[in-house]
Amino acid sequence: MDTLARAFSAPAFRELGYWLFRYRRTWRGSIVISIGNPLLFLTALGLGLGTLVDREDSAYLHGHSYLTFILPGILIAGVMQTAFLEASGPVMQSALPRGSYRAAASTPLEPTGILYGHLMYWTLRATQNAVLFVCVSMFFGTVDPARAPLLVLIAVLVAVAFAAPAAAWAVTVSRPSQINAMFRFVVLPLYMFSGTFFPIEQLPVPLQWVAWATPLWHGVDLGRTVALGTATPYGVLVHIGYLSVMVVAGLYVARRTYRRKLYV
Amino acid sequence: MTDSSTVLIDARGLKKVYGRPGDKAGFTAVDGIDFQVRRGEAFGVLGANGAGKSSTMRMIACVSPVTAGSLRILGYDSGTDGARIRARLGVVPQDDTIDTELTVRENLLIYGRYFGLPWKVLRERSSRLLEFTRLSEKADDAVATLSGGMRRRLTIARALINEPEIVLLDEPTTGLDPQARHLLWERLFQLKQDGVTLLLTTHYMDEAEQLCDRLVVMDAGKIVAEGTPAELIARYTLREVLELRFAPGERQTMTDKCRGLAERMEELPDRLLLSTDNGEETLSAVHRQGVQPLTALVRRSSLEDVFLTLTGRSLLD
Amino acid sequence: MTAMPTGASAEIPLRPGRAWTMVERNLMIYRHTWPVLLAEIFEPMLYLLAFGVGVGLLVGDVPGLGASISYPQFVAPALLATAAMNGAMNETTFNMYGKLTTDKTYESILTTPMSVRSVALGEVFWALVRGAIVATVFLVVVSIFGLANLPEALLVIPSALLIGFAFAAVGLLTVTFLRSWQDFQLIQLVMLPMFLFATTFFPLDVYPRPVQVFVEVLPLYHSVELVRAAFLGTGGNPAVAVIYLAVLGIVALAVAVRRLEDTLRP
């Protein structure tokens with residue numbers, strides 16, 4: 001595949017190098033957060049709120065504890081949120097007149113190389129977050145170690161599926177308030193209503209259709225069915241297909257918007 | 001009332017040390033300076049970067065406490081009556097600190113509110129000042145759309161909103177293109193005509209010669225010279241400078257031949273500067289020594305020569 | 001043309017700048033950017049829908065609060081308290097840090113007769129104005145859905161103001177310690193657990209006693225207690241929460257003003 005071959009060519013790795021170089025300054029804090037976040041959410045919601053939920057033993061949870069139910073949801077939704085934040089604010093900043101993309105674009109690096117290099121960075125960061133999350137989950141004893149690597153792979157796929165379109169859009173943006181608005185009015189609702197914290201089967205039917213159409217639900221449902229061992233080949237295929245289309249379409253558009261923005 | 005001999009700013013033994021008091025590692029930015037600025041004057045503070053100009057300005061603006069010495073402005077003590085003094089000052093800081101969240105006109109209105117001025121007065125005054133600084137057409141635009149020269153003019157308009165008696169300008173034209181500089185100079189000259197006292201720092205000698213009635217030269221936190229531009233030129237340089245340019249590699253031998261022909265001689269990588277009372281005569285003397293420069297130029301001594309004589313040519317930072 | 005008619009200024013007495021002018025500045029900005037406030041109300045609504053309603057279906061009634069209280073009723077006041085906290089903290093940390101460093105807004109304000117204290121108080125005032133707007137709109141919306149116990153629930157608004165004051169002051173103190181934008185991660189590291197554990201989503205009694213004591217020390221816990229008591233009309237003892245938040249706010253403000261003085265007038 002032509003795109004793949006280009007992604008692994010040298011120029012993109014220079015852009016990746018830039019972001020990794022910057023990461024040297026913040027990696028400690030980032031690791032604390034990658035471990036702290038799942039620890040906090042799983043303790044507070046899984047165990048704390050779980051006390052209330054498990055007492056009621058809703059039929060929608062099919063006998064699973066609330067902790068078991070939300071764990072994959074929090075992983076996938078969290079990875080999506082981080083992917084959006086990493087691929088929006090920094091991309092906008094970098095594409096501004098004094099941003100790092102401008103410096104990179106004045107070297108032999110092409111806009112496409114810049115995009116793929118930055119994308120590799122997001123992929124690495126998502127992998128780090130997912131691995132640490134799954135490690136923390138082990139302490140709660142609700143993830144089957146055999147399925148843990150699969151969960152990491154799914155999380156990384158979701159991250160790329162959201163990072164690519166986010167970057168395609170963010171490179172065209174010039175004000176931080178637009179990114180804030182996108183986060184609050186699109187990302188946050190996705191985060192909360194894609195079956196992350198409660199099963200969408202309990203919603204009225206029209207709302208269930210809306211949920212099925214949204215991209216994050218496919219990621220959450222894929223992660224959850226794999227984690228709980230209830231995945232069906234048909235479901236897995238649909239979910240992976242949906243997310244892959246997002247990756248390809250996102251990159252297709254991003255290549256154009258990057259070029260248009262950086263070569264005026 | 002506007003007696004031109006009234007001293008508006010009186011600094012004696014003025015000192016600024018950054019860092020904790022008594023801390024030996026503290027950095028002395030201003031090292032005991034004395035000067036007076038009179039009403040209606042345009043007073044310049046010259047110096048290279050790091051000479052202590054901005055620290056001096058910040059103390060006069062009453063935004064930076066005086067470490068030692070006394071500083072009286074408009075008859076008040078800068079330490080105890082800061083707010084009262086600031087009410088009658090206009091400040092144009094080195095970096096344009098325009099409120100980027102507001103439009104051009106809103107910047108003037110809100111800044112005026114900080115002085116406690118009523119809205120009615122401010123609406124009228126802001127229109128007049130926008131006209132004065134040629135920004136009327138930009139009144140309702142976002143600050144981000146302004147050019148460097150426009151931002152500078154807006155900062156000046158803002159500094160005038162309280163109709164100050166003294167306007168402090170810290171490097172007013174640094175970074176501007178020649179057209180923008182000339183427009184700004186013209187506006188500042190107009191202010192001076194209107195009786196406003198100007199205190200400005202600069203490292204552009206042409207600016208100082210254009211605008212200042214009197215100036216001090218600062219170096220390493222101290223005042224090294226004081227006077228009118230003409231006085232300083234007369235005191236620290238001879239009337240003319242002869243600039244000789246040589247082919248690469250020839251300069252050293254030629255320099256030796258020229259030694260003794262002028263009272264003061266300065267060597268640059270590609271040139272030789274000879275200070276003299278009569279450039280043409282010195283040039284003839286040079287020719288008589290058998291020296292044939294590529295080019296020879298006689299010019300009048302300038303403030304730049306004074307400055308370089310006093311503070312040296314090597315970079316400070 | 002003359003810019004400076006000398007003598008004209010004599011007619012208008014120059015009054016010292018006051019804290020209120022900082023609020024005027026912010027109001028002027030918000031004429032252009034009012035959707036930001038909308039977003040601030042939108043977020044707790046979203047949480048209320050997702051947790052109060054969505055997760056609420058899994059929970060049923062909340063045990064241990066006497067009269068049967070639905071889960072949305074339990075969560076709504078906590079979300080309001082959190083919104084009041086976040087709004088105030090954002091204003092005096094995130095927004096103020098930008099004005100202190102990149103924008104240098106205060107540098108120019110302080111060349112006027114404004115004092116550092118007026119600037120600090122002004123920013124706290126503004127946080128209160130914002131808090132009042134957000135709390136009122138939130139209250140109106142939840143009342144429409146019959147979640148609030150009116151008219152007792154009107155006490156929610158002064159409660160939100162007190163919470164706003166305490167956290168605006170804490171934010172003001174925090175901002176004097178920040179060294180770079182990276183440090184905001186540290187703030188998040190404190191705020192997020194506080195949000196999750198301060199009885200926002202489940203009552204205190206699910207914890208073992210030692211953890212309960214820890215939660216009871218958190219300022220957000222007292223904020224939630226205060227708003228919940230007003231909201232549900234269940235009483236409790238608001239005096240402790242009121243004193244806790246008032247003292248926290250006053251002490252933080254006093255220390256913050258002193259530290260800002262050093263930062264802004266070196």
# chains A, B, ... in the order shown; residues from 1 in each chain; ligands from 1

$ select_by_dssp --residues "stretch 123-227 of chain B" --states "helix (DSSP H, G or I)" --output "PyMOL selection string"
chain B and resi 123-132+136-138+143-145+148-159+178-193+205-211

$ write_last_selection --atoms "N, CA and C atoms" --output "short mmCIF file (atom, residue, chain, number, x, y, z; two decimals), in the first residue's frame"
data_model
loop_
_atom_site.label_atom_id
_atom_site.label_comp_id
_atom_site.auth_asym_id
_atom_site.auth_seq_id
_atom_site.Cartn_x
_atom_site.Cartn_y
_atom_site.Cartn_z
N ARG B 123 -15.92 58.12 25.90
CA ARG B 123 -16.40 57.94 24.52
C ARG B 123 -15.91 59.08 23.63
N GLU B 124 -16.01 60.29 24.16
CA GLU B 124 -15.58 61.45 23.39
C GLU B 124 -14.06 61.42 23.21
N ARG B 125 -13.36 61.15 24.30
CA ARG B 125 -11.90 61.20 24.25
C ARG B 125 -11.31 60.10 23.36
N SER B 126 -11.92 58.91 23.40
CA SER B 126 -11.37 57.81 22.61
C SER B 126 -11.49 58.13 21.13
N SER B 127 -12.61 58.75 20.71
CA SER B 127 -12.74 59.10 19.30
C SER B 127 -11.66 60.09 18.89
N ARG B 128 -11.44 61.06 19.76
CA ARG B 128 -10.44 62.08 19.45
C ARG B 128 -9.03 61.47 19.37
N LEU B 129 -8.73 60.58 20.29
CA LEU B 129 -7.39 59.98 20.30
C LEU B 129 -7.20 59.02 19.13
N LEU B 130 -8.26 58.33 18.73
CA LEU B 130 -8.14 57.44 17.57
C LEU B 130 -7.84 58.27 16.33
N GLU B 131 -8.46 59.44 16.27
CA GLU B 131 -8.20 60.32 15.15
C GLU B 131 -6.75 60.82 15.20
N PHE B 132 -6.34 61.21 16.40
CA PHE B 132 -4.97 61.73 16.60
C PHE B 132 -3.93 60.70 16.18
N SER B 136 -8.86 55.79 13.42
CA SER B 136 -10.32 55.86 13.43
C SER B 136 -10.96 54.73 12.62
N GLU B 137 -10.33 54.41 11.48
CA GLU B 137 -10.95 53.39 10.64
C GLU B 137 -10.86 52.00 11.23
N LYS B 138 -9.94 51.84 12.18
CA LYS B 138 -9.75 50.52 12.80
C LYS B 138 -10.50 50.39 14.11
N VAL B 143 -7.72 43.64 17.85
CA VAL B 143 -6.34 44.11 17.95
C VAL B 143 -5.40 43.26 17.09
N ALA B 144 -5.75 41.98 16.93
CA ALA B 144 -4.88 41.06 16.20
C ALA B 144 -4.68 41.50 14.75
N THR B 145 -5.60 42.30 14.21
CA THR B 145 -5.49 42.68 12.80
C THR B 145 -4.57 43.88 12.59
N GLY B 148 2.36 46.39 13.21
CA GLY B 148 3.21 46.80 14.32
C GLY B 148 3.11 48.29 14.61
N GLY B 149 3.11 49.10 13.56
CA GLY B 149 3.04 50.55 13.74
C GLY B 149 1.70 50.96 14.34
N MET B 150 0.63 50.30 13.90
CA MET B 150 -0.70 50.62 14.43
C MET B 150 -0.80 50.24 15.90
N ARG B 151 -0.24 49.08 16.25
CA ARG B 151 -0.27 48.65 17.66
C ARG B 151 0.44 49.68 18.52
N ARG B 152 1.56 50.17 18.01
CA ARG B 152 2.34 51.15 18.76
C ARG B 152 1.53 52.43 18.94
N ARG B 153 0.85 52.84 17.86
CA ARG B 153 0.04 54.06 17.94
C ARG B 153 -1.13 53.88 18.89
N LEU B 154 -1.69 52.66 18.90
CA LEU B 154 -2.79 52.40 19.84
C LEU B 154 -2.29 52.49 21.28
N THR B 155 -1.09 51.95 21.50
CA THR B 155 -0.52 52.03 22.85
C THR B 155 -0.33 53.48 23.26
N ILE B 156 0.06 54.32 22.29
CA ILE B 156 0.25 55.74 22.61
C ILE B 156 -1.10 56.40 22.87
N ALA B 157 -2.10 56.07 22.04
CA ALA B 157 -3.44 56.63 22.28
C ALA B 157 -3.92 56.24 23.67
N ARG B 158 -3.66 54.99 24.03
CA ARG B 158 -4.08 54.49 25.33
C ARG B 158 -3.39 55.27 26.45
N ALA B 159 -2.11 55.57 26.25
CA ALA B 159 -1.35 56.28 27.27
C ALA B 159 -1.85 57.72 27.45
N PRO B 178 10.43 52.38 8.47
CA PRO B 178 10.73 53.82 8.44
C PRO B 178 9.49 54.70 8.37
N GLN B 179 8.48 54.31 7.57
CA GLN B 179 7.27 55.13 7.48
C GLN B 179 6.58 55.22 8.84
N ALA B 180 6.46 54.07 9.49
CA ALA B 180 5.78 54.03 10.78
C ALA B 180 6.54 54.87 11.81
N ARG B 181 7.87 54.82 11.75
CA ARG B 181 8.67 55.60 12.70
C ARG B 181 8.43 57.09 12.50
N HIS B 182 8.45 57.51 11.23
CA HIS B 182 8.30 58.94 10.99
C HIS B 182 6.93 59.45 11.41
N LEU B 183 5.91 58.64 11.17
CA LEU B 183 4.56 59.04 11.59
C LEU B 183 4.51 59.18 13.11
N LEU B 184 5.17 58.22 13.80
CA LEU B 184 5.16 58.24 15.25
C LEU B 184 5.91 59.46 15.78
N TRP B 185 7.07 59.74 15.19
CA TRP B 185 7.85 60.91 15.61
C TRP B 185 7.04 62.18 15.46
N GLU B 186 6.31 62.24 14.34
CA GLU B 186 5.52 63.44 14.06
C GLU B 186 4.45 63.62 15.13
N ARG B 187 3.80 62.50 15.53
CA ARG B 187 2.76 62.56 16.57
C ARG B 187 3.37 62.95 17.92
N LEU B 188 4.55 62.42 18.21
CA LEU B 188 5.19 62.74 19.49
C LEU B 188 5.59 64.21 19.53
N PHE B 189 6.04 64.70 18.38
CA PHE B 189 6.41 66.11 18.30
C PHE B 189 5.19 66.99 18.57
N GLN B 190 4.05 66.56 18.01
CA GLN B 190 2.79 67.27 18.22
C GLN B 190 2.44 67.34 19.71
N LEU B 191 2.64 66.20 20.40
CA LEU B 191 2.37 66.15 21.84
C LEU B 191 3.23 67.16 22.58
N LYS B 192 4.49 67.20 22.18
CA LYS B 192 5.43 68.11 22.82
C LYS B 192 4.97 69.55 22.62
N GLN B 193 4.51 69.84 21.42
CA GLN B 193 4.00 71.17 21.13
C GLN B 193 2.83 71.52 22.05
N MET B 205 20.09 56.56 17.81
CA MET B 205 20.63 57.90 18.00
C MET B 205 19.89 58.93 17.16
N ASP B 206 19.41 58.52 15.97
CA ASP B 206 18.68 59.49 15.15
C ASP B 206 17.39 59.89 15.85
N GLU B 207 16.79 58.92 16.54
CA GLU B 207 15.56 59.22 17.27
C GLU B 207 15.83 60.23 18.38
N ALA B 208 16.92 60.01 19.11
CA ALA B 208 17.26 60.91 20.20
C ALA B 208 17.52 62.31 19.66
N GLU B 209 18.25 62.40 18.53
CA GLU B 209 18.55 63.71 17.96
C GLU B 209 17.29 64.41 17.48
N GLN B 210 16.34 63.62 16.94
CA GLN B 210 15.09 64.18 16.44
C GLN B 210 14.22 64.73 17.55
N LEU B 211 14.11 63.95 18.65
CA LEU B 211 13.05 64.23 19.61
C LEU B 211 13.50 64.90 20.90
#

$ closest_atom_pairs --of "chain A" --to "chain C" --cutoff "7 Å" --atoms "only C-alpha atoms" --output "tab-separated table"
residue	atom	partner	partner_atom	distance
A:Leu40	CA	C:Pro193	CA	6.3
A:Ala44	CA	C:Leu196	CA	5.9
A:Gly48	CA	C:Val206	CA	6.4
A:Leu49	CA	C:Phe202	CA	5.6
A:Thr51	CA	C:Val206	CA	6.9
A:Leu52	CA	C:Val59	CA	5.7
A:Val53	CA	C:Val59	CA	4.7
A:Glu56	CA	C:Val59	CA	5.9
A:Ser58	CA	C:Leu58	CA	5.7
A:Arg184	CA	C:Ala39	CA	6.7
A:Pro189	CA	C:Leu46	CA	6.8
A:Met192	CA	C:Ala50	CA	6.0
A:Phe193	CA	C:Ala50	CA	6.6
A:Phe197	CA	C:Val55	CA	6.7
A:Phe198	CA	C:Val55	CA	5.5

$ write_last_selection --atoms "C-alpha atoms" --output "mmCIF file, in the first residue's frame"
data_model
loop_
_atom_site.group_PDB
_atom_site.id
_atom_site.type_symbol
_atom_site.label_atom_id
_atom_site.label_comp_id
_atom_site.auth_asym_id
_atom_site.auth_seq_id
_atom_site.Cartn_x
_atom_site.Cartn_y
_atom_site.Cartn_z
ATOM 1 C CA LEU A 40 -9.319 7.186 39.985
ATOM 2 C CA ALA A 44 -14.683 6.092 42.178
ATOM 3 C CA GLY A 48 -17.936 3.623 44.687
ATOM 4 C CA LEU A 49 -20.819 4.162 42.308
ATOM 5 C CA THR A 51 -21.898 -0.165 45.233
ATOM 6 C CA LEU A 52 -25.155 1.575 44.339
ATOM 7 C CA VAL A 53 -25.500 -0.036 40.923
ATOM 8 C CA GLU A 56 -29.963 -2.779 42.157
ATOM 9 C CA SER A 58 -30.130 -4.195 36.610
ATOM 10 C CA ARG A 184 -17.488 20.500 24.804
ATOM 11 C CA PRO A 189 -21.354 14.185 24.532
ATOM 12 C CA MET A 192 -20.817 10.214 27.845
ATOM 13 C CA PHE A 193 -23.489 8.784 25.581
ATOM 14 C CA PHE A 197 -21.223 4.545 31.617
ATOM 15 C CA PHE A 198 -24.558 2.874 30.953
#

$ select_by_dssp --residues "stretch 20-179 of chain B" --states "strand (DSSP E)" --output "PyMOL selection string"
chain B and resi 27-38+42-46+68-73+76-77+89-92+166-170

$ write_last_selection --atoms "C-alpha atoms" --output "short mmCIF file (atom, residue, chain, number, x, y, z; two decimals), in the first residue's frame"
data_model
loop_
_atom_site.label_atom_id
_atom_site.label_comp_id
_atom_site.auth_asym_id
_atom_site.auth_seq_id
_atom_site.Cartn_x
_atom_site.Cartn_y
_atom_site.Cartn_z
CA PHE B 27 21.49 42.13 40.31
CA THR B 28 22.06 45.89 40.28
CA ALA B 29 20.22 47.31 37.27
CA VAL B 30 20.40 50.98 38.22
CA ASP B 31 23.36 52.08 40.30
CA GLY B 32 22.72 55.43 41.95
CA ILE B 33 21.72 57.96 39.29
CA ASP B 34 20.72 61.63 39.56
CA PHE B 35 18.70 63.58 37.02
CA GLN B 36 15.89 66.13 36.75
CA VAL B 37 13.22 66.46 34.09
CA ARG B 38 11.49 69.83 33.72
CA ALA B 42 11.54 65.93 25.90
CA PHE B 43 14.08 64.03 27.93
CA GLY B 44 15.93 61.04 26.52
CA VAL B 45 17.62 58.11 28.23
CA LEU B 46 20.11 56.46 25.91
CA ALA B 68 17.56 53.16 47.42
CA GLY B 69 17.72 56.91 46.83
CA SER B 70 14.79 59.24 46.30
CA LEU B 71 12.44 59.64 43.38
CA ARG B 72 9.90 62.47 43.41
CA ILE B 73 7.43 62.83 40.56
CA TYR B 76 4.98 63.29 45.21
CA ASP B 77 7.12 60.48 46.55
CA LEU B 89 1.24 59.60 33.86
CA GLY B 90 0.91 58.04 30.45
CA VAL B 91 2.97 54.88 29.91
CA VAL B 92 4.04 53.34 26.61
CA ILE B 166 4.14 63.22 31.62
CA VAL B 167 4.31 60.47 28.98
CA LEU B 168 6.89 57.70 29.43
CA LEU B 169 7.96 55.96 26.22
CA ASP B 170 10.19 52.89 26.44
#

$ interface_residues --of "chain B" --to "chain C" --cutoff "7 Å" --atoms "only C-alpha atoms" --output "list in words"
Ala61, Val63, Ser64, Ala83, Arg84, Arg86, Ala87, Val91, Thr97, Asp99, Glu101, Leu102, Ile110, Arg113, Tyr114, Phe115, Gly116, Leu117, Leu129, Phe132, Glu163 and Asp194 of chain B

$ write_last_selection --atoms "N, CA and C atoms" --output "mmCIF file, in the first residue's frame"
data_model
loop_
_atom_site.group_PDB
_atom_site.id
_atom_site.type_symbol
_atom_site.label_atom_id
_atom_site.label_comp_id
_atom_site.auth_asym_id
_atom_site.auth_seq_id
_atom_site.Cartn_x
_atom_site.Cartn_y
_atom_site.Cartn_z
ATOM 1 N N ALA B 61 7.514 54.995 36.454
ATOM 2 C CA ALA B 61 6.098 54.675 36.240
ATOM 3 C C ALA B 61 5.433 54.207 37.533
ATOM 4 N N VAL B 63 5.752 51.368 39.016
ATOM 5 C CA VAL B 63 5.337 49.975 39.008
ATOM 6 C C VAL B 63 6.451 49.094 39.553
ATOM 7 N N SER B 64 7.554 49.708 39.966
ATOM 8 C CA SER B 64 8.688 48.953 40.468
ATOM 9 C C SER B 64 9.277 49.745 41.631
ATOM 10 N N ALA B 83 -0.178 55.583 43.340
ATOM 11 C CA ALA B 83 -1.452 55.661 42.619
ATOM 12 C C ALA B 83 -1.730 57.095 42.175
ATOM 13 N N ARG B 84 -1.432 58.060 43.056
ATOM 14 C CA ARG B 84 -1.689 59.461 42.728
ATOM 15 C C ARG B 84 -0.802 59.903 41.548
ATOM 16 N N ARG B 86 0.556 57.814 39.228
ATOM 17 C CA ARG B 86 0.159 57.078 38.016
ATOM 18 C C ARG B 86 -1.076 57.689 37.376
ATOM 19 N N ALA B 87 -1.942 58.318 38.197
ATOM 20 C CA ALA B 87 -3.147 58.947 37.650
ATOM 21 C C ALA B 87 -2.781 60.040 36.656
ATOM 22 N N VAL B 91 1.852 55.822 30.039
ATOM 23 C CA VAL B 91 2.966 54.885 29.910
ATOM 24 C C VAL B 91 2.871 54.113 28.600
ATOM 25 N N THR B 97 1.509 46.074 25.362
ATOM 26 C CA THR B 97 0.671 45.213 26.193
ATOM 27 C C THR B 97 -0.790 45.563 25.972
ATOM 28 N N ASP B 99 -4.660 44.924 25.221
ATOM 29 C CA ASP B 99 -5.578 43.873 25.643
ATOM 30 C C ASP B 99 -6.115 43.179 24.396
ATOM 31 N N GLU B 101 -8.030 40.793 23.958
ATOM 32 C CA GLU B 101 -9.405 40.289 23.985
ATOM 33 C C GLU B 101 -10.411 41.383 23.646
ATOM 34 N N LEU B 102 -9.929 42.616 23.542
ATOM 35 C CA LEU B 102 -10.824 43.744 23.275
ATOM 36 C C LEU B 102 -10.554 44.325 21.897
ATOM 37 N N ILE B 110 -11.781 50.858 28.248
ATOM 38 C CA ILE B 110 -11.534 50.130 29.496
ATOM 39 C C ILE B 110 -10.311 50.684 30.218
ATOM 40 N N ARG B 113 -11.294 53.516 32.123
ATOM 41 C CA ARG B 113 -12.044 53.144 33.319
ATOM 42 C C ARG B 113 -11.107 52.831 34.482
ATOM 43 N N TYR B 114 -9.927 52.299 34.172
ATOM 44 C CA TYR B 114 -8.974 52.018 35.250
ATOM 45 C C TYR B 114 -8.563 53.311 35.964
ATOM 46 N N PHE B 115 -8.694 54.439 35.260
ATOM 47 C CA PHE B 115 -8.389 55.724 35.881
ATOM 48 C C PHE B 115 -9.614 56.302 36.589
ATOM 49 N N GLY B 116 -10.733 55.590 36.496
ATOM 50 C CA GLY B 116 -11.949 56.065 37.130
ATOM 51 C C GLY B 116 -12.637 57.153 36.328
ATOM 52 N N LEU B 117 -12.326 57.262 35.042
ATOM 53 C CA LEU B 117 -12.961 58.292 34.215
ATOM 54 C C LEU B 117 -14.372 57.846 33.807
ATOM 55 N N LEU B 129 -8.733 60.575 20.293
ATOM 56 C CA LEU B 129 -7.393 59.977 20.299
ATOM 57 C C LEU B 129 -7.197 59.023 19.129
ATOM 58 N N PHE B 132 -6.337 61.215 16.398
ATOM 59 C CA PHE B 132 -4.974 61.732 16.598
ATOM 60 C C PHE B 132 -3.931 60.700 16.177
ATOM 61 N N GLU B 163 -5.205 62.114 29.758
ATOM 62 C CA GLU B 163 -4.598 63.426 29.525
ATOM 63 C C GLU B 163 -3.436 63.660 30.477
ATOM 64 N N ASP B 194 2.046 70.488 22.380
ATOM 65 C CA ASP B 194 0.891 70.699 23.245
ATOM 66 C C ASP B 194 1.276 70.833 24.715
#

$ atom_distance --atom1 "atom CA of B:Arg299" --atom2 "atom CA of B:Leu242"
6.5 Å

$ residues_around --residues "stretch 21-31 of chain A" --least-positions-apart "4" --cutoff "12 Å" --atoms "only C-alpha atoms" --output "PDB file with C-alpha atoms, in the first residue's frame"
ATOM      1  CA  PHE A  13      10.300   9.941  11.329  1.00  0.00           C
ATOM      2  CA  ARG A  14      11.973  13.347  11.596  1.00  0.00           C
ATOM      3  CA  GLU A  15       8.627  14.868  12.574  1.00  0.00           C
ATOM      4  CA  LEU A  16       8.076  12.005  15.024  1.00  0.00           C
ATOM      5  CA  GLY A  17      11.525  12.759  16.441  1.00  0.00           C
ATOM      6  CA  ILE A  35      -1.833   5.575  35.634  1.00  0.00           C
ATOM      7  CA  GLY A  36      -3.761   7.972  37.862  1.00  0.00           C
ATOM      8  CA  ASN A  37      -6.755   8.422  35.582  1.00  0.00           C
ATOM      9  CA  PRO A  38      -7.812   4.759  35.362  1.00  0.00           C
ATOM     10  CA  THR A  82      -6.833  12.010  24.633  1.00  0.00           C
ATOM     11  CA  PRO A  90      -1.124  21.022  19.268  1.00  0.00           C
ATOM     12  CA  SER A 100       6.539  24.078  14.568  1.00  0.00           C
ATOM     13  CA  TYR A 121       3.467  10.130  17.854  1.00  0.00           C
ATOM     14  CA  TRP A 122      -0.237   9.953  18.722  1.00  0.00           C
ATOM     15  CA  LEU A 124       2.760   5.793  20.487  1.00  0.00           C
ATOM     16  CA  ARG A 125       1.078   7.924  23.133  1.00  0.00           C
ATOM     17  CA  ALA A 126      -2.175   5.979  22.788  1.00  0.00           C
ATOM     18  CA  THR A 127      -0.251   2.720  23.105  1.00  0.00           C
ATOM     19  CA  GLN A 128       1.396   3.986  26.276  1.00  0.00           C
ATOM     20  CA  ASN A 129      -1.936   5.031  27.762  1.00  0.00           C
ATOM     21  CA  ALA A 130      -3.696   1.803  26.822  1.00  0.00           C
ATOM     22  CA  VAL A 131      -0.898  -0.433  28.143  1.00  0.00           C
ATOM     23  CA  LEU A 132      -0.783   1.418  31.461  1.00  0.00           C
ATOM     24  CA  PHE A 133      -4.567   1.363  31.720  1.00  0.00           C
TER      25      PHE A 133
ATOM     26  CA  SER C 180       4.572  26.944  33.248  1.00  0.00           C
ATOM     27  CA  TRP C 181       1.522  25.691  31.379  1.00  0.00           C
ATOM     28  CA  GLN C 182       2.682  22.174  32.220  1.00  0.00           C
ATOM     29  CA  ASP C 183       1.794  22.819  35.848  1.00  0.00           C
ATOM     30  CA  PHE C 184      -1.889  22.790  34.952  1.00  0.00           C
ATOM     31  CA  GLN C 185      -1.554  19.001  34.826  1.00  0.00           C
ATOM     32  CA  LEU C 186      -0.879  19.151  38.558  1.00  0.00           C
ATOM     33  CA  ILE C 187      -4.033  21.167  39.140  1.00  0.00           C
ATOM     34  CA  GLN C 188      -5.976  18.529  37.218  1.00  0.00           C
ATOM     35  CA  LEU C 189      -4.351  15.893  39.381  1.00  0.00           C
TER      36      LEU C 189
END

$ closest_residue --among "A:Arg256, A:His64, A:Arg175, A:Lys261" --to "chain B" --atoms "only C-alpha atoms"
A:Arg175

$ closest_residue --among "C:Val213, C:Ile41, C:Leu172, C:Val140" --to "C:Asn90" --atoms "only C-alpha atoms"
C:Leu172

$ atom_distance --atom1 "atom CA of C:Thr176" --atom2 "atom CA of C:Tyr97"
8.6 Å

$ residues_around --residues "A:Gly219" --least-positions-apart "3" --cutoff "10 Å" --atoms "only C-alpha atoms" --output "ChimeraX atom specification"
/A:72-73,76-77,80,154-155,157-159,161,194-195,214-216,222-224,236,239-240,242-243
